[in-house]
Amino acid sequence: MPFNTLFTIFVVVIAFCFFAGQRRALKLKSDGSSLHSLPFYHGTWLIIVGVLPALIILLVWSLVESGIVRAVILSELPTSLMLVSEAEKSLLYSEIANLAYGQTVSPNAEQLAPLADRYNLLVSLSGKLKLGLALIVSVIGFGIGWLRLKPDFRARNSFESTVRIILMSCASLAVLTTVGIVFSVLFEAMRFFDTVSILEFIFGTHWSPQIAIREGQVGSSGAFGAVPLFVGTMLISAVAMIVAVPIGLMSAIYLSEYASPKFRAFAKPLLEVLAGVPTVVYGFFAAITVAPMLRDFGEALGLSVSSESALAAGLVMGVMIIPFVSSLSDDVINAVPQSLRDGSFGLGATQSETIRRVIIPAALPGIVGAILLAVSRAIGETMIVVMAAGLSANLTINPLETVTTVTVQIVTLLVGDQEFDSPKTLAAFALGLMLFVTTLCLNVVALYVVRRYREQYD
Amino acid sequence: MSRSTIDIVNRNLAKRYAKEKRFRLFGLASILAGLTALCFLLVTIVSNGWGAFTQSYVQLTLDLDPETLLITNPLDDDQWSYANYTGVIKQSLRERFPDIKSRKDKKRLYQIISPGAGYQLNLLMQDRSLLGQTVTIWLPADDDVDSVIKGHIDRHRPENERRVSDKTLSLIDELVNSGELQRKFNNVFFTAGDSSEPEQAGIKGAMLGSFFTLIVALLLSFPIGIAAAIYLEEFAPKNKWTDFIEVNINNLAAVPSIVFGLLGLAVFLNWFGLPRSVPLVGGIVLTLMTLPTIIISSRVALKSVPPSIREAALGLGASKMQTIFDHVLPLALPGMLTGGIIGMAQALGETAPLLMIGMVAFIVDIPGSFTDPATVLPVQIFLWSDSPERAFVERTSGAIMVLLMFLILMNSIAVLLRKRFERRW
């Protein structure tokens with residue numbers, strides 16, 4: 001059923017439920033009984049019982065439907081096609097789906113034609129069942145709700161407790177997202193570690209996932225050693241930090257301690273523009289402008305700088321992180337009580353001495369937290385490195401050479417045509433797991449440190 | 001005693017003041033460094049991308065002869081769609097330059113016009129009364145010609161080192177001198193989808209893809225974010241579960257965006273079987289990504305509503321839910337809207353998670369709904385930035401300028417909203 005029709009029906013049913021409930025309540029009222037709740041709530045009550053359960057059924061059914069159809073179809077594959085691998089099965093399945101949509105170009109068209117019919121049948125059957133069930137539930141709910149509409153019925157309370165549950169489930173979505181991330185990454189990573197040992201992955205120094213696929217072998221040995229990726233990520237992040245931390249920190253100090261309010265009002269938003277520029281723009285800038293510039297500059301000095309050097313990506317990433325460091329440190333520095341400054345000035349210290357000997361030590365935990373958050377940002381940054389850093393996994397700490405990073409590899413492994421079950425794509429999830437765990441640890445520590453620090457001066 | 005102390009102080013004073021000055025200068029220099037980087041970035045993008053908004057066009061007089069077009073039966077639609085439009089263009093070029101005889105030179109002559117010009121003629125010929133007539137129209141020039149006109153190709157280099165031959169250059173000069181080759185506003189850039197020919201490539205498809213994706217993200221993330229904020233700020237009991245939710249939200253705000261892409265790939269595409277490359281899935285993934293931002297800013301907005309409002313409503317007999325929905329929420333809404341717009345701006349610029357769910361395909365068609373394969377503006381930028389042609393560098397920068405324009409627009413709306421509704425209690 002087209003979406004627009006469904007939506008119209010939905011709106012009509014909601015309106016019907018609401019007005020039916022409200023009219024009923026007004027009728028009761030005009031009959032002389034005093035209502036517990038306003039008529040409005042009787043309307044909303046009928047919406048809740050008449051629409052909500054049906055809506056949940058529709059949603060859940062739609063989500064599991066395609067999986068069930070798939071399982072049924074694949075279990076009915078002709079025996080000649082039964083023994084194919086998981087990846088080929090999914091290929092066959094999409095072929096069947098395409099046939100069902102009326103596309104006729106397929107190598108196995110004849111063999112699969114009955115299955116395509118079966119597919120169409122299943123899909124339409126499922127759609128009818130789904131709508132029918134939703135309708136029945138809706139009518140039953142409406143009926144039960146209608147019978148409960150009495151003058152002393154606490155419609156408002158029922159409505160409010162339902163809304164409260166809805167609000168809570170919205171808030172719990174954050175937990176669900178985290179659980180979803182952990183499970184999706186963890187499961188695929190576990191499947192990867194079935195074929196490649198986890199020690200080899202973490203401590204191996206040779207990374208070339210392409211080899212594994214070419215030989216058609218499951219993880220030809222040594223191809224999935226991720227150490228070069230970790231080192232590359234660290235190298236680029238380190239370059240970024242060397243740029244971002246001094247500039248960001250000094251900007252924050254200048255803005256909060258020296259700058260006139262006028263200058264601050266002008267410079268602070270401008271610096272924050274740097275944080276609003278999309279990362280893909282930075283990536284383009286790094287690849288098209290900064291990298292060639294560095295290469296030419298290096299040539300002039302007699303150095304050989306790779307055109308995809310870690311330096312270019314790191315420098316640009318550093319620029320991106322400047323406002324991140326500066327606004328976090330700004331908050332932290334502003335939280336240092338004025339009395340500490342006054343005490344230091346009273347003893348005759350100059351402003352810079354006060355800053356270096358009093359304010360920074362006092363703000364240190366917060367600054368460290370800010371830097372940790374910035375590091376986690378740098379490690380997880382994707383587009384700049386995808387566009388400006390290389391693909392070849394060099395194990396080097398020379399920033400003038402090409403390195404690759406965890407995020408670059410995730411993107412290259414997963415973008416483009418892929419079978420979902422090859423170790424190549426699963427490796428991306430293993431890398432994703434590493435990335436998630438690392439950034440999570442950094443964030444937890446940083447947030448803890450920052451919170452502790454805030455409590456200290458509150 | 002006191003004299004000697006002041007002596008010690010005085011002896012070091014000049015040094016300390018110098019140090020103070022240096023420190024201060026260093027701070028100023030840091031800010032300037034940041035701003036310089038910003039300026040450099042913007043200037044590079046604008047100077048690279050300015051040219052994308054104009055394009056060289058060649059004026060041709062076309063004889064739309066049914067015989068050349070191979071249309072024998074004007075009622076046959078197939079003949080119209082497979083007609084020899086390129087042949088007409090080639091013929092017109094030959095007539096314009098009757099001196100050109102050799103095969104090699106003819107080939108060069110044909111290459112002046114964009115290879116996609118035939119398609120444009122096809123569109124023009126939707127008006128079927130044109131058959132048999134002679135029309136004079138402007139057709140887009142090839143991207144190499146365009147580069148010559150815009151001065152990106154150095155004429156003084158030896159012929160074998162540049163992309164354009166001497167012969168082509170002389171043809172271009174002749175056309176320019178007679179006014180038949182001109183730079184005009186590049187409306188293809190705003191009305192076409194992606195193409196492998198730079199002069200036929202536009203950002204309309206990507207812009208619509210971004211639009212659909214953002215609509216999904218907005219419709220999902222704004223209500224859910226506000227609901228979550230209301231629960232956490234107004235209703236949540238102080239217990240372990242609430243704490244756990246809060247820790248989760250704070251952590252999700254700092255999870256790298258690409259991880260959300262992995263989630264989308266594993267859960268929505270592989271588990272639920274939703275289609276690849278569609279704005280619907282992109283919108284859902286971006287919703288999950290921006291939710292923490294929206295929840296956090298909505299909570300700040302709720303916090304800024306003074307307790308006296310709540311107390312007054314409760315005192316008049318409103319229930320807690322009525323107090324919040326009828327009195328607190330309307331006052332907090334502008335602040336929430338500001339946060340929502342900033343979250344959407346963040347979503348508009350996001351690329352990495354969308355790469356994971358397949359929104360990187362080369363899609364020529366312009367998407368018309370939430371479930372059509374589409375790409376988005378930042379991904380289009382990423383795709384074009386890979387192309388070596390100079391014309392694509394220009395278009396990439398042009399697309400970046402459009403993207404930045406939208407971001408500036410959204411952020412200014414947010415700032416205006418904040419200014420307009422800011423209230424001190």
# chains A, B, ... in the order shown; residues from 1 in each chain; ligands from 1
>>> residues_around(residues="Val227 of chain A", least_positions_apart="3", cutoff="6 Å", atoms="only C-alpha atoms", output="CSV table (one decimal) with C-alpha atoms, in the first residue's frame")
chain,number,residue,atom,x,y,z
A,203,PHE,CA,50.0,-7.5,17.3
A,204,GLY,CA,50.5,-8.3,13.7
A,205,THR,CA,52.5,-5.8,11.7
A,230,PHE,CA,47.2,1.9,14.9
>>> interface_residues(of="chain A", to="chain B", cutoff="6 Å", atoms="only C-alpha atoms", output="list in words")
Leu63, Leu167, Met168, Cys170, Ala171, Ala174, Val175, Ile181, Ser184, Ile247, Met250, Ser251, Tyr254, Pro278, Ser352 and Gly380 of chain A
>>> write_last_selection(atoms="C-alpha atoms", output="compact mmCIF listing (two decimals), in the first residue's frame")
# COMPACT_ATOMS: atom_id res chain seq x y z
CA LEU A 63 10.80 -4.58 10.62
CA LEU A 167 8.77 10.09 27.08
CA MET A 168 10.78 7.50 28.93
CA CYS A 170 12.41 8.23 23.92
CA ALA A 171 15.03 8.85 26.58
CA ALA A 174 20.09 6.53 23.80
CA VAL A 175 20.72 3.30 25.70
CA ILE A 181 26.40 -0.15 18.42
CA SER A 184 26.43 -4.87 15.85
CA ILE A 247 47.07 27.13 19.51
CA MET A 250 46.74 29.87 24.03
CA SER A 251 43.68 31.19 22.19
CA TYR A 254 44.09 35.07 25.52
CA PRO A 278 32.14 20.08 7.39
CA SER A 352 51.35 35.85 32.66
CA GLY A 380 37.61 8.99 15.10
>>> atom_distance(atom1="atom CA of Ala134 of chain A", atom2="atom CA of Trp61 of chain A")
9.9 Å
